[in-house]
$ cat run35.cif   # mmCIF, C-alpha atoms and all ligand atoms
data_query
#
loop_
_atom_site.label_atom_id
_atom_site.label_comp_id
_atom_site.auth_asym_id
_atom_site.auth_seq_id
_atom_site.Cartn_x
_atom_site.Cartn_y
_atom_site.Cartn_z
CA MET A 821 0.00 0.00 0.00
CA GLU A 822 1.46 3.38 -0.99
CA ASN A 823 2.16 6.02 1.60
CA SER A 824 0.35 9.20 0.64
CA VAL A 825 3.08 11.67 1.58
CA PRO A 826 6.57 11.05 0.23
CA ALA A 827 9.28 11.03 2.86
CA THR A 828 11.24 13.43 0.71
CA ALA A 829 8.82 16.06 2.00
CA LEU A 830 10.88 16.08 5.21
CA PRO A 831 13.43 18.89 5.50
CA ALA A 832 17.01 17.60 5.36
CA LEU A 833 17.66 18.86 8.88
CA GLY A 834 15.27 18.39 11.77
CA LEU A 835 15.48 18.78 15.52
CA GLY A 836 15.78 15.67 17.67
CA THR A 837 14.00 16.21 20.97
CA TYR A 838 15.07 13.22 23.07
CA LYS A 839 15.76 14.57 26.59
CA LEU A 840 14.36 18.01 25.73
CA THR A 841 11.85 18.15 28.56
CA GLY A 842 10.45 20.74 30.95
CA PRO A 843 10.81 24.51 30.55
CA GLU A 844 14.43 24.23 29.38
CA GLY A 845 13.50 21.71 26.72
CA GLN A 846 10.61 23.87 25.58
CA ALA A 847 12.90 26.91 25.37
CA ALA A 848 15.37 24.96 23.20
CA ILE A 849 12.63 23.83 20.83
CA GLU A 850 11.20 27.36 20.61
CA ARG A 851 14.66 28.69 19.85
CA ALA A 852 15.14 26.09 17.15
CA LEU A 853 11.86 27.08 15.51
CA ALA A 854 12.79 30.77 15.73
CA LEU A 855 16.11 29.95 14.03
CA GLY A 856 14.33 28.17 11.19
CA TYR A 857 14.07 24.47 12.08
CA ARG A 858 10.90 23.08 10.48
CA HIS A 859 10.95 19.42 11.49
CA LEU A 860 10.54 18.20 15.08
CA ASP A 861 11.17 14.58 16.04
CA THR A 862 9.50 13.35 19.22
CA ALA A 863 8.22 10.01 20.53
CA GLN A 864 5.78 8.68 23.07
CA ALA A 865 8.79 7.21 24.88
CA TYR A 866 10.47 10.61 25.31
CA GLY A 867 7.68 11.84 27.60
CA ASN A 868 7.86 15.27 25.94
CA GLU A 869 5.05 15.36 23.39
CA ALA A 870 3.28 18.04 25.47
CA VAL A 871 6.48 20.10 25.60
CA VAL A 872 6.94 19.83 21.83
CA GLY A 873 3.34 20.91 21.22
CA ALA A 874 3.64 23.82 23.67
CA ALA A 875 6.86 24.99 22.00
CA LEU A 876 5.24 24.82 18.58
CA ARG A 877 2.34 27.00 19.72
CA ALA A 878 4.55 29.44 21.63
CA ALA A 879 6.97 29.88 18.71
CA GLY A 880 4.17 31.30 16.57
CA VAL A 881 5.27 29.43 13.45
CA PRO A 882 2.29 28.36 11.31
CA ARG A 883 1.44 24.72 12.03
CA GLU A 884 1.51 23.80 8.33
CA ALA A 885 5.10 25.07 8.04
CA VAL A 886 6.44 22.46 10.49
CA GLN A 887 6.67 18.69 10.08
CA VAL A 888 6.04 16.85 13.34
CA THR A 889 7.07 13.22 13.75
CA THR A 890 6.12 11.04 16.70
CA LYS A 891 6.75 7.36 17.40
CA LEU A 892 4.58 4.64 18.86
CA THR A 893 5.76 2.34 21.64
CA ALA A 894 4.86 -1.34 21.55
CA ASP A 895 1.91 -0.61 23.86
CA ALA A 896 0.22 0.73 20.72
CA PHE A 897 0.76 -2.48 18.76
CA GLY A 898 -2.26 -4.45 17.64
CA PRO A 899 -5.47 -3.96 15.72
CA ALA A 900 -6.53 -0.61 14.29
CA ASP A 901 -8.60 0.49 17.28
CA ARG A 902 -5.65 0.07 19.64
CA VAL A 903 -3.23 1.81 17.28
CA ARG A 904 -5.64 4.68 16.69
CA ALA A 905 -6.31 5.16 20.41
CA SER A 906 -2.58 5.33 21.11
CA LEU A 907 -1.96 7.78 18.28
CA GLU A 908 -4.86 9.93 19.47
CA GLY A 909 -3.22 9.99 22.90
CA SER A 910 -0.12 11.44 21.25
CA LEU A 911 -2.21 14.04 19.40
CA GLU A 912 -3.87 15.05 22.66
CA ARG A 913 -0.53 15.49 24.41
CA LEU A 914 0.86 17.41 21.42
CA GLY A 915 -2.31 19.51 21.20
CA LEU A 916 -2.45 18.83 17.45
CA ASP A 917 -5.16 17.51 15.11
CA ARG A 918 -2.63 15.37 13.29
CA VAL A 919 1.07 14.62 12.93
CA ASP A 920 2.93 14.61 9.63
CA LEU A 921 4.65 11.31 10.26
CA VAL A 922 4.10 8.51 12.75
CA LEU A 923 6.75 5.83 13.19
CA ILE A 924 6.78 2.40 14.79
CA HIS A 925 9.65 3.13 17.21
CA TRP A 926 11.12 -0.41 17.39
CA PRO A 927 10.05 -3.63 15.68
CA ASN A 928 9.84 -5.68 18.91
CA PRO A 929 9.87 -8.76 16.63
CA TRP A 930 9.33 -11.24 19.49
CA ARG A 931 5.76 -10.07 20.14
CA THR A 932 2.97 -12.51 19.37
CA ALA A 933 -0.15 -11.71 17.36
CA GLN A 934 -2.12 -11.75 20.61
CA GLU A 935 0.21 -9.16 22.17
CA GLY A 936 0.21 -7.08 18.96
CA THR A 937 2.92 -7.12 16.32
CA PHE A 938 4.57 -4.52 14.12
CA ARG A 939 2.85 -6.16 11.13
CA GLN A 940 -0.61 -5.55 12.56
CA THR A 941 0.43 -2.04 13.55
CA ALA A 942 1.83 -1.16 10.12
CA ALA A 943 -1.32 -2.49 8.43
CA ALA A 944 -3.44 -0.41 10.80
CA LEU A 945 -1.36 2.72 10.16
CA ALA A 946 -1.50 2.21 6.39
CA GLY A 947 -5.29 2.17 6.67
CA MET A 948 -5.56 5.38 8.68
CA VAL A 949 -2.94 7.79 7.29
CA GLY A 950 -3.66 10.39 4.64
CA ASP A 951 -5.26 13.79 4.24
CA ASP A 952 -8.07 13.21 6.71
CA GLY A 953 -6.25 10.82 9.02
CA PRO A 954 -4.52 11.36 12.37
CA ALA A 955 -1.16 11.24 10.51
CA ALA A 956 -0.25 12.27 6.99
CA SER A 957 2.21 9.43 6.59
CA TRP A 958 3.69 6.44 8.46
CA GLY A 959 7.09 4.82 8.75
CA VAL A 960 9.32 2.73 10.95
CA SER A 961 12.43 3.07 13.06
CA ASN A 962 15.25 0.68 13.94
CA PHE A 963 13.93 -1.84 11.39
CA LEU A 964 16.40 -4.34 9.94
CA SER A 965 16.21 -5.71 6.42
CA GLU A 966 14.21 -8.75 7.56
CA HIS A 967 11.55 -6.56 9.16
CA LEU A 968 11.25 -4.45 6.01
CA GLU A 969 10.89 -7.67 4.02
CA THR A 970 8.08 -8.82 6.30
CA LEU A 971 6.26 -5.55 5.63
CA ALA A 972 6.85 -5.84 1.87
CA ALA A 973 5.42 -9.36 1.91
CA ASP A 974 2.29 -7.85 3.48
CA GLY A 975 2.19 -5.20 0.74
CA LEU A 976 3.14 -2.44 3.20
CA GLN A 977 5.62 0.33 2.41
CA ALA A 978 7.03 2.58 5.11
CA ALA A 979 7.85 6.14 4.05
CA VAL A 980 11.00 6.23 6.18
CA ASN A 981 13.21 4.04 8.34
CA GLN A 982 14.79 6.10 11.10
CA ILE A 983 18.03 4.38 12.11
CA GLN A 984 21.28 5.17 13.90
CA VAL A 985 23.86 6.53 11.45
CA ASP A 986 27.06 8.38 12.23
CA ALA A 987 30.55 8.33 10.75
CA LEU A 988 31.56 5.25 12.76
CA VAL A 989 28.26 3.36 12.77
CA GLN A 990 26.90 3.67 9.24
CA GLN A 991 24.70 0.55 9.03
CA ARG A 992 25.22 0.56 5.27
CA SER A 993 23.36 -2.68 4.59
CA VAL A 994 20.35 -1.41 6.53
CA GLN A 995 20.52 1.88 4.63
CA GLU A 996 20.60 -0.04 1.34
CA ALA A 997 17.70 -2.29 2.35
CA THR A 998 15.71 0.75 3.44
CA ARG A 999 16.14 2.43 0.07
CA ALA A 1000 15.52 -0.82 -1.81
CA HIS A 1001 12.15 -0.98 -0.04
CA GLY A 1002 11.31 2.52 -1.23
CA ALA A 1003 11.79 4.24 2.13
CA ALA A 1004 13.98 7.23 2.96
CA VAL A 1005 16.73 6.98 5.56
CA VAL A 1006 16.43 9.31 8.53
CA ALA A 1007 19.61 9.33 10.63
CA HIS A 1008 19.00 9.31 14.36
CA THR A 1009 21.86 10.06 16.75
CA PRO A 1010 23.45 11.71 13.67
CA LEU A 1011 26.28 13.23 15.73
CA GLY A 1012 26.96 10.06 17.71
CA ARG A 1013 25.82 12.02 20.77
CA GLY A 1014 28.70 14.44 20.27
CA GLY A 1015 31.38 11.87 20.99
CA LYS A 1016 33.79 9.80 18.93
CA PRO A 1017 32.49 10.74 15.43
CA PHE A 1018 33.78 14.29 16.08
CA GLU A 1019 37.32 12.88 16.31
CA VAL A 1020 37.31 10.87 13.07
CA PRO A 1021 40.30 12.17 11.01
CA ALA A 1022 38.22 12.48 7.81
CA VAL A 1023 35.76 14.64 9.75
CA THR A 1024 38.35 16.86 11.43
CA ALA A 1025 40.25 17.25 8.13
CA ALA A 1026 37.13 18.38 6.25
CA ALA A 1027 36.26 20.70 9.13
CA ALA A 1028 39.69 22.31 8.96
CA ALA A 1029 39.53 22.62 5.16
CA HIS A 1030 36.18 24.44 5.26
CA GLY A 1031 36.57 26.41 8.49
CA ALA A 1032 33.63 24.39 9.79
CA THR A 1033 33.03 22.32 12.92
CA PRO A 1034 32.99 18.51 13.10
CA ALA A 1035 29.24 18.63 13.78
CA GLN A 1036 28.69 20.65 10.60
CA VAL A 1037 30.79 18.21 8.57
CA LEU A 1038 28.78 15.25 9.86
CA LEU A 1039 25.50 17.00 9.08
CA ALA A 1040 26.63 18.02 5.58
CA TRP A 1041 27.76 14.41 5.00
CA HIS A 1042 24.29 13.14 6.00
CA ARG A 1043 22.54 15.67 3.75
CA GLN A 1044 24.79 15.14 0.73
CA SER A 1045 24.40 11.36 1.18
CA GLY A 1046 20.62 11.72 0.90
CA ARG A 1047 19.77 11.23 4.55
CA VAL A 1048 17.54 13.39 6.70
CA ALA A 1049 19.35 14.13 10.00
CA ILE A 1050 17.76 15.06 13.31
CA PRO A 1051 20.48 16.32 15.65
CA ARG A 1052 19.45 17.37 19.12
CA SER A 1053 20.83 20.36 20.98
CA SER A 1054 19.80 22.43 23.93
CA SER A 1055 22.50 25.01 23.22
CA ALA A 1056 21.62 28.13 21.24
CA ALA A 1057 25.07 28.19 19.67
CA HIS A 1058 24.93 24.54 18.62
CA LEU A 1059 21.40 24.91 17.22
CA ALA A 1060 22.59 27.75 15.00
CA GLU A 1061 25.80 25.96 14.11
CA ASN A 1062 23.94 22.82 13.08
CA LEU A 1063 21.47 24.77 10.95
CA ALA A 1064 24.35 26.55 9.22
CA SER A 1065 25.59 23.12 8.03
CA LEU A 1066 22.97 23.49 5.28
CA GLU A 1067 25.39 25.95 3.63
CA LEU A 1068 28.36 23.58 3.77
CA GLU A 1069 29.22 21.55 0.64
CA LEU A 1070 31.78 18.79 1.05
CA THR A 1071 33.73 17.54 -1.95
CA ALA A 1072 33.20 14.03 -3.35
CA ASP A 1073 36.59 13.02 -1.89
CA GLU A 1074 35.64 14.34 1.54
CA LEU A 1075 32.33 12.46 1.44
CA ALA A 1076 34.14 9.28 0.40
CA ALA A 1077 36.67 9.71 3.22
CA VAL A 1078 33.88 9.91 5.82
CA ASP A 1079 32.17 6.91 4.20
CA ALA A 1080 35.44 4.99 4.58
CA ALA A 1081 35.54 5.69 8.34
CA ASP A 1082 32.72 3.18 8.95
CA SER A 1083 33.65 0.69 11.66
CA GLY A 1084 31.04 -1.76 10.39
CA ARG A 1085 29.72 -2.05 13.94
CA PRO A 1086 25.98 -2.54 14.33
CA ALA A 1087 23.74 -0.01 16.07
CA ARG A 1088 24.20 0.58 19.78
CA GLN A 1089 21.02 -1.33 20.53
CA ASP A 1090 20.13 -4.52 18.68
CA PRO A 1091 16.53 -4.41 17.36
CA LEU A 1092 16.39 -8.19 17.75
CA GLU A 1093 16.85 -7.80 21.49
CA PHE A 1094 15.91 -4.25 22.45
CA GLY A 1095 12.54 -2.62 22.09
CA ILE A 1096 10.37 0.15 23.45
N1 LIG B 1101 14.39 6.18 16.75
C1 LIG B 1101 15.20 5.96 17.76
O1 LIG B 1101 15.25 4.87 18.35
C2 LIG B 1101 16.10 7.06 18.21
C3 LIG B 1101 17.20 6.79 19.04
C4 LIG B 1101 18.02 7.84 19.41
C5 LIG B 1101 17.74 9.12 18.98
N2 LIG B 1101 16.65 9.38 18.20
C6 LIG B 1101 16.33 10.74 17.73
O2 LIG B 1101 17.50 11.31 17.19
C7 LIG B 1101 17.75 12.54 17.86
C8 LIG B 1101 19.23 12.82 17.91
O3 LIG B 1101 19.90 11.83 18.66
P1 LIG B 1101 20.52 12.11 20.10
O4 LIG B 1101 19.77 13.23 20.69
O5 LIG B 1101 20.54 10.86 20.85
O6 LIG B 1101 22.04 12.46 19.79
P2 LIG B 1101 22.80 13.45 18.75
O7 LIG B 1101 21.85 14.40 18.11
O8 LIG B 1101 23.66 12.60 17.90
O9 LIG B 1101 23.74 14.23 19.74
C9 LIG B 1101 23.22 15.11 20.73
C10 LIG B 1101 24.40 15.57 21.58
O10 LIG B 1101 25.30 16.29 20.74
C11 LIG B 1101 25.54 17.58 21.29
N3 LIG B 1101 25.63 18.53 20.17
C12 LIG B 1101 24.64 18.91 19.31
N4 LIG B 1101 25.12 19.78 18.41
C13 LIG B 1101 26.42 19.96 18.70
C14 LIG B 1101 27.44 20.76 18.13
N5 LIG B 1101 27.19 21.53 17.07
N6 LIG B 1101 28.68 20.70 18.69
C15 LIG B 1101 28.93 19.93 19.76
N7 LIG B 1101 28.01 19.15 20.35
C16 LIG B 1101 26.76 19.17 19.82
C17 LIG B 1101 24.36 17.87 22.18
O11 LIG B 1101 24.77 18.70 23.25
P3 LIG B 1101 24.21 20.22 23.42
O12 LIG B 1101 22.79 20.09 23.87
O13 LIG B 1101 25.11 20.79 24.44
O14 LIG B 1101 24.33 20.89 22.08
C18 LIG B 1101 23.98 16.49 22.69
O15 LIG B 1101 24.74 16.16 23.83
C19 LIG B 1101 17.12 12.33 19.24
O16 LIG B 1101 16.99 13.54 19.94
C20 LIG B 1101 15.85 11.66 18.84
O17 LIG B 1101 14.91 12.62 18.35
C21 LIG B 1101 15.84 8.36 17.80
#
$ encode --input "run35.cif" --output "structure tokens"
Amino acid sequence: MENSVPATALPALGLGTYKLTGPEGQAAIERALALGYRHLDTAQAYGNEAVVGAALRAAGVPREAVQVTTKLTADAFGPADRVRASLEGSLERLGLDRVDLVLIHWPNPWRTAQEGTFRQTAAALAGMVGDDGPAASWGVSNFLSEHLETLAADGLQAAVNQIQVDALVQQRSVQEATRAHGAAVVAHTPLGRGGKPFEVPAVTAAAAAHGATPAQVLLAWHRQSGRVAIPRSSSAAHLAENLASLELELTADELAAVDAADSGRPARQDPLEFGI
């Protein structure tokens, strides 16, 4: 079943909101919107949907100018009435009529049909998204190739697969499978939480060559590689710095050098064992 809104409608750079809670979190999200961010990534599991909604209203940016993504926990899994009730809970907390994109946060592939599976949930979402639905579009997160194949066998196509990608953990085979299944790759934890990826020689060399920061190089690499990235920051300076990465153009050699830094390691959490 086709998704009605192409994932390419997402801006290349969004704001991750994990841990952005309370008044400080709201202030950071408002600042991001004032700076020009137009894509907010939240989740039921972050406990901050109300904060995201409050920031969106307080920032005074027209609702239709901002793409809002939320993610369903496994408590939502099951038949359409359960999925819809859970999604409506998110809308109530956000104070919105609809979200632009709803994701299945983790596949939780061990769940039985009685408990509710990602297959049932994806089928339910495919039946309720669209112009008049509670979400414009649906997708998945942390799905491996086998989970995407299961969906394809059911005739279901996610608009995006949001997965961990940074310079050291690139998950290339998952990226390829995602694209092969017609979904866009959204990079979560795109800065590797501000740690080791900043020290990768290909990243620091490109940063020096362009008078840019390692964070900007990583974000330009995501964008020029066709991935949407959703870095999180609570710092005004970092929010502005990350947005300015949209102006940075790396050379083909620089992109290839960052590609070559991949450790081949899998994501921090294994979707076959971890779930929310
Ligand atoms: N689907 C999933 O399962 C999943 C999992 C993880 C994350 N996500 C999503 O992806 C988003 C991003 O991931 P994340 O928040 O875990 O990590 P991240 O965006 O990779 O890194 C955030 C960290 O980097 C720092 N930072 C940001 N910009 C910086 C800059 N320009 N220079 C130096 N440090 C900088 C931030 O500190 P400051 O606040 O000080 O700037 C923060 O400590 C999340 O917020 C969430 O929306 C989804």
$ residues_near_ligand --input "run35.cif" --ligand "ligand LIG 1101 (chain B)" --cutoff "6 Å" --atoms "only C-alpha atoms and all ligand atoms" --output "ChimeraX atom specification"
/A:836-838,861-862,925,961,982,1008-1014,1035,1050-1055,1058,1061-1062
$ atom_distance --input "run35.cif" --atom1 "CA of Thr1033 in chain A" --atom2 "CA of Leu1070 in chain A"
12.4 Å
$ atom_distance --input "run35.cif" --atom1 "CA of Val1048 in chain A" --atom2 "CA of Leu921 in chain A"
13.5 Å
$ atom_distance --input "run35.cif" --atom1 "CA of Ala854 in chain A" --atom2 "CA of Ala1064 in chain A"
13.9 Å
$ closest_atom_pairs --input "run35.cif" --of "range 986-1031 of chain A" --to "range 1078-1090 of chain A" --cutoff "7 Å" --atoms "all atoms listed in the file" --output "tab-separated table"
residue	atom	partner	partner_atom	distance
A:Ala987	CA	A:Asp1082	CA	5.9
A:Leu988	CA	A:Asp1082	CA	4.5
A:Val989	CA	A:Arg1085	CA	5.7
A:Gln990	CA	A:Asp1082	CA	5.8
A:Gln991	CA	A:Pro1086	CA	6.3
A:Ala1022	CA	A:Val1078	CA	5.4
A:Val1023	CA	A:Val1078	CA	6.4
$ closest_residue --input "run35.cif" --among "A:Gly898, A:Leu945, A:Val960, A:Gly953" --to "Thr932 in chain A" --atoms "all atoms listed in the file"
A:Gly898
$ closest_residue --input "run35.cif" --among "A:Phe963, A:Tyr866, A:Phe1018, A:Phe897" --to "Ala942 in chain A" --atoms "only C-alpha atoms"
A:Phe897
$ closest_residue --input "run35.cif" --among "A:Gly936, A:Gly909, A:Gly1046, A:Pro929" --to "Pro954 in chain A" --atoms "all atoms listed in the file"
A:Gly909
$ closest_residue --input "run35.cif" --among "A:Ala1025, A:Val1006, A:Ala879, A:Ile983" --to "Leu855 in chain A" --atoms "all atoms listed in the file"
A:Ala879
$ residues_near_point --input "run35.cif" --point "(-4.7, 7.9, 8.9)" --cutoff "12 Å" --atoms "all atoms listed in the file" --output "number ranges by chain"
A: 823-825, 900-901, 903-905, 907-908, 917-922, 942-958
$ decode --input "run35.cif" --residues "range 930-941 of chain A" --atoms "all heavy atoms" --output "PDB file, in the first residue's frame"
ATOM      1  N   TRP A 930       9.693 -10.056  18.694  1.00  0.00           N
ATOM      2  CA  TRP A 930       9.334 -11.235  19.494  1.00  0.00           C
ATOM      3  C   TRP A 930       7.864 -11.228  19.907  1.00  0.00           C
ATOM      4  O   TRP A 930       7.372 -12.215  20.443  1.00  0.00           O
ATOM      5  CB  TRP A 930      10.202 -11.283  20.755  1.00  0.00           C
ATOM      6  CG  TRP A 930      10.182  -9.980  21.493  1.00  0.00           C
ATOM      7  CD1 TRP A 930       9.254  -9.549  22.394  1.00  0.00           C
ATOM      8  CD2 TRP A 930      11.122  -8.906  21.351  1.00  0.00           C
ATOM      9  NE1 TRP A 930       9.542  -8.277  22.827  1.00  0.00           N
ATOM     10  CE2 TRP A 930      10.695  -7.865  22.211  1.00  0.00           C
ATOM     11  CE3 TRP A 930      12.289  -8.741  20.588  1.00  0.00           C
ATOM     12  CZ2 TRP A 930      11.396  -6.664  22.304  1.00  0.00           C
ATOM     13  CZ3 TRP A 930      12.967  -7.542  20.699  1.00  0.00           C
ATOM     14  CH2 TRP A 930      12.524  -6.515  21.548  1.00  0.00           C
ATOM     15  N   ARG A 931       7.156 -10.147  19.659  1.00  0.00           N
ATOM     16  CA  ARG A 931       5.761 -10.075  20.136  1.00  0.00           C
ATOM     17  C   ARG A 931       4.854 -10.992  19.320  1.00  0.00           C
ATOM     18  O   ARG A 931       4.994 -11.110  18.108  1.00  0.00           O
ATOM     19  CB  ARG A 931       5.255  -8.623  20.077  1.00  0.00           C
ATOM     20  CG  ARG A 931       5.868  -7.757  21.176  1.00  0.00           C
ATOM     21  CD  ARG A 931       5.444  -6.330  21.025  1.00  0.00           C
ATOM     22  NE  ARG A 931       4.021  -6.154  21.238  1.00  0.00           N
ATOM     23  CZ  ARG A 931       3.470  -5.704  22.349  1.00  0.00           C
ATOM     24  NH1 ARG A 931       4.221  -5.379  23.381  1.00  0.00           N
ATOM     25  NH2 ARG A 931       2.162  -5.559  22.439  1.00  0.00           N
ATOM     26  N   THR A 932       3.914 -11.604  20.016  1.00  0.00           N
ATOM     27  CA  THR A 932       2.967 -12.511  19.368  1.00  0.00           C
ATOM     28  C   THR A 932       1.789 -11.717  18.818  1.00  0.00           C
ATOM     29  O   THR A 932       1.560 -10.564  19.214  1.00  0.00           O
ATOM     30  CB  THR A 932       2.419 -13.528  20.372  1.00  0.00           C
ATOM     31  OG1 THR A 932       1.672 -12.798  21.372  1.00  0.00           O
ATOM     32  CG2 THR A 932       3.540 -14.316  21.044  1.00  0.00           C
ATOM     33  N   ALA A 933       1.021 -12.378  17.941  1.00  0.00           N
ATOM     34  CA  ALA A 933      -0.150 -11.708  17.363  1.00  0.00           C
ATOM     35  C   ALA A 933      -1.131 -11.300  18.463  1.00  0.00           C
ATOM     36  O   ALA A 933      -1.791 -10.261  18.372  1.00  0.00           O
ATOM     37  CB  ALA A 933      -0.821 -12.628  16.347  1.00  0.00           C
ATOM     38  N   GLN A 934      -1.198 -12.098  19.517  1.00  0.00           N
ATOM     39  CA  GLN A 934      -2.120 -11.750  20.609  1.00  0.00           C
ATOM     40  C   GLN A 934      -1.653 -10.487  21.346  1.00  0.00           C
ATOM     41  O   GLN A 934      -2.460  -9.649  21.751  1.00  0.00           O
ATOM     42  CB  GLN A 934      -2.186 -12.917  21.583  1.00  0.00           C
ATOM     43  CG  GLN A 934      -3.513 -12.988  22.280  1.00  0.00           C
ATOM     44  CD  GLN A 934      -3.678 -14.306  23.018  1.00  0.00           C
ATOM     45  OE1 GLN A 934      -2.732 -15.113  23.108  1.00  0.00           O
ATOM     46  NE2 GLN A 934      -4.854 -14.527  23.539  1.00  0.00           N
ATOM     47  N   GLU A 935      -0.331 -10.354  21.490  1.00  0.00           N
ATOM     48  CA  GLU A 935       0.213  -9.158  22.165  1.00  0.00           C
ATOM     49  C   GLU A 935       0.152  -7.932  21.259  1.00  0.00           C
ATOM     50  O   GLU A 935       0.129  -6.805  21.732  1.00  0.00           O
ATOM     51  CB  GLU A 935       1.679  -9.411  22.537  1.00  0.00           C
ATOM     52  CG  GLU A 935       1.878 -10.443  23.625  1.00  0.00           C
ATOM     53  CD  GLU A 935       3.330 -10.894  23.741  1.00  0.00           C
ATOM     54  OE1 GLU A 935       4.048 -10.920  22.718  1.00  0.00           O
ATOM     55  OE2 GLU A 935       3.746 -11.230  24.841  1.00  0.00           O
ATOM     56  N   GLY A 936       0.155  -8.167  19.934  1.00  0.00           N
ATOM     57  CA  GLY A 936       0.205  -7.079  18.965  1.00  0.00           C
ATOM     58  C   GLY A 936       1.582  -7.016  18.340  1.00  0.00           C
ATOM     59  O   GLY A 936       2.592  -6.929  19.054  1.00  0.00           O
ATOM     60  N   THR A 937       1.645  -7.091  17.031  1.00  0.00           N
ATOM     61  CA  THR A 937       2.923  -7.122  16.321  1.00  0.00           C
ATOM     62  C   THR A 937       3.099  -5.854  15.482  1.00  0.00           C
ATOM     63  O   THR A 937       2.142  -5.114  15.230  1.00  0.00           O
ATOM     64  CB  THR A 937       2.966  -8.318  15.352  1.00  0.00           C
ATOM     65  OG1 THR A 937       1.916  -8.137  14.391  1.00  0.00           O
ATOM     66  CG2 THR A 937       2.783  -9.639  16.084  1.00  0.00           C
ATOM     67  N   PHE A 938       4.346  -5.676  14.995  1.00  0.00           N
ATOM     68  CA  PHE A 938       4.574  -4.515  14.118  1.00  0.00           C
ATOM     69  C   PHE A 938       3.809  -4.671  12.809  1.00  0.00           C
ATOM     70  O   PHE A 938       3.419  -3.679  12.193  1.00  0.00           O
ATOM     71  CB  PHE A 938       6.071  -4.251  13.911  1.00  0.00           C
ATOM     72  CG  PHE A 938       6.817  -5.231  13.044  1.00  0.00           C
ATOM     73  CD1 PHE A 938       6.722  -5.173  11.655  1.00  0.00           C
ATOM     74  CD2 PHE A 938       7.640  -6.192  13.610  1.00  0.00           C
ATOM     75  CE1 PHE A 938       7.428  -6.066  10.853  1.00  0.00           C
ATOM     76  CE2 PHE A 938       8.346  -7.084  12.829  1.00  0.00           C
ATOM     77  CZ  PHE A 938       8.231  -7.035  11.439  1.00  0.00           C
ATOM     78  N   ARG A 939       3.598  -5.942  12.387  1.00  0.00           N
ATOM     79  CA  ARG A 939       2.852  -6.161  11.129  1.00  0.00           C
ATOM     80  C   ARG A 939       1.427  -5.643  11.252  1.00  0.00           C
ATOM     81  O   ARG A 939       0.933  -4.938  10.367  1.00  0.00           O
ATOM     82  CB  ARG A 939       2.808  -7.651  10.794  1.00  0.00           C
ATOM     83  CG  ARG A 939       4.119  -8.237  10.436  1.00  0.00           C
ATOM     84  CD  ARG A 939       4.033  -9.727  10.283  1.00  0.00           C
ATOM     85  NE  ARG A 939       3.331 -10.111   9.062  1.00  0.00           N
ATOM     86  CZ  ARG A 939       3.276 -11.362   8.625  1.00  0.00           C
ATOM     87  NH1 ARG A 939       3.864 -12.329   9.325  1.00  0.00           N
ATOM     88  NH2 ARG A 939       2.652 -11.654   7.520  1.00  0.00           N
ATOM     89  N   GLN A 940       0.770  -6.027  12.344  1.00  0.00           N
ATOM     90  CA  GLN A 940      -0.606  -5.552  12.560  1.00  0.00           C
ATOM     91  C   GLN A 940      -0.629  -4.022  12.627  1.00  0.00           C
ATOM     92  O   GLN A 940      -1.521  -3.370  12.085  1.00  0.00           O
ATOM     93  CB  GLN A 940      -1.150  -6.097  13.888  1.00  0.00           C
ATOM     94  CG  GLN A 940      -1.398  -7.582  13.919  1.00  0.00           C
ATOM     95  CD  GLN A 940      -1.678  -8.033  15.354  1.00  0.00           C
ATOM     96  OE1 GLN A 940      -0.895  -7.764  16.262  1.00  0.00           O
ATOM     97  NE2 GLN A 940      -2.795  -8.712  15.546  1.00  0.00           N
ATOM     98  N   THR A 941       0.381  -3.493  13.319  1.00  0.00           N
ATOM     99  CA  THR A 941       0.431  -2.040  13.545  1.00  0.00           C
ATOM    100  C   THR A 941       0.650  -1.292  12.235  1.00  0.00           C
ATOM    101  O   THR A 941      -0.007  -0.276  11.964  1.00  0.00           O
ATOM    102  CB  THR A 941       1.549  -1.730  14.559  1.00  0.00           C
ATOM    103  OG1 THR A 941       1.363  -2.595  15.679  1.00  0.00           O
ATOM    104  CG2 THR A 941       1.517  -0.279  14.996  1.00  0.00           C
TER     105      THR A 941
END
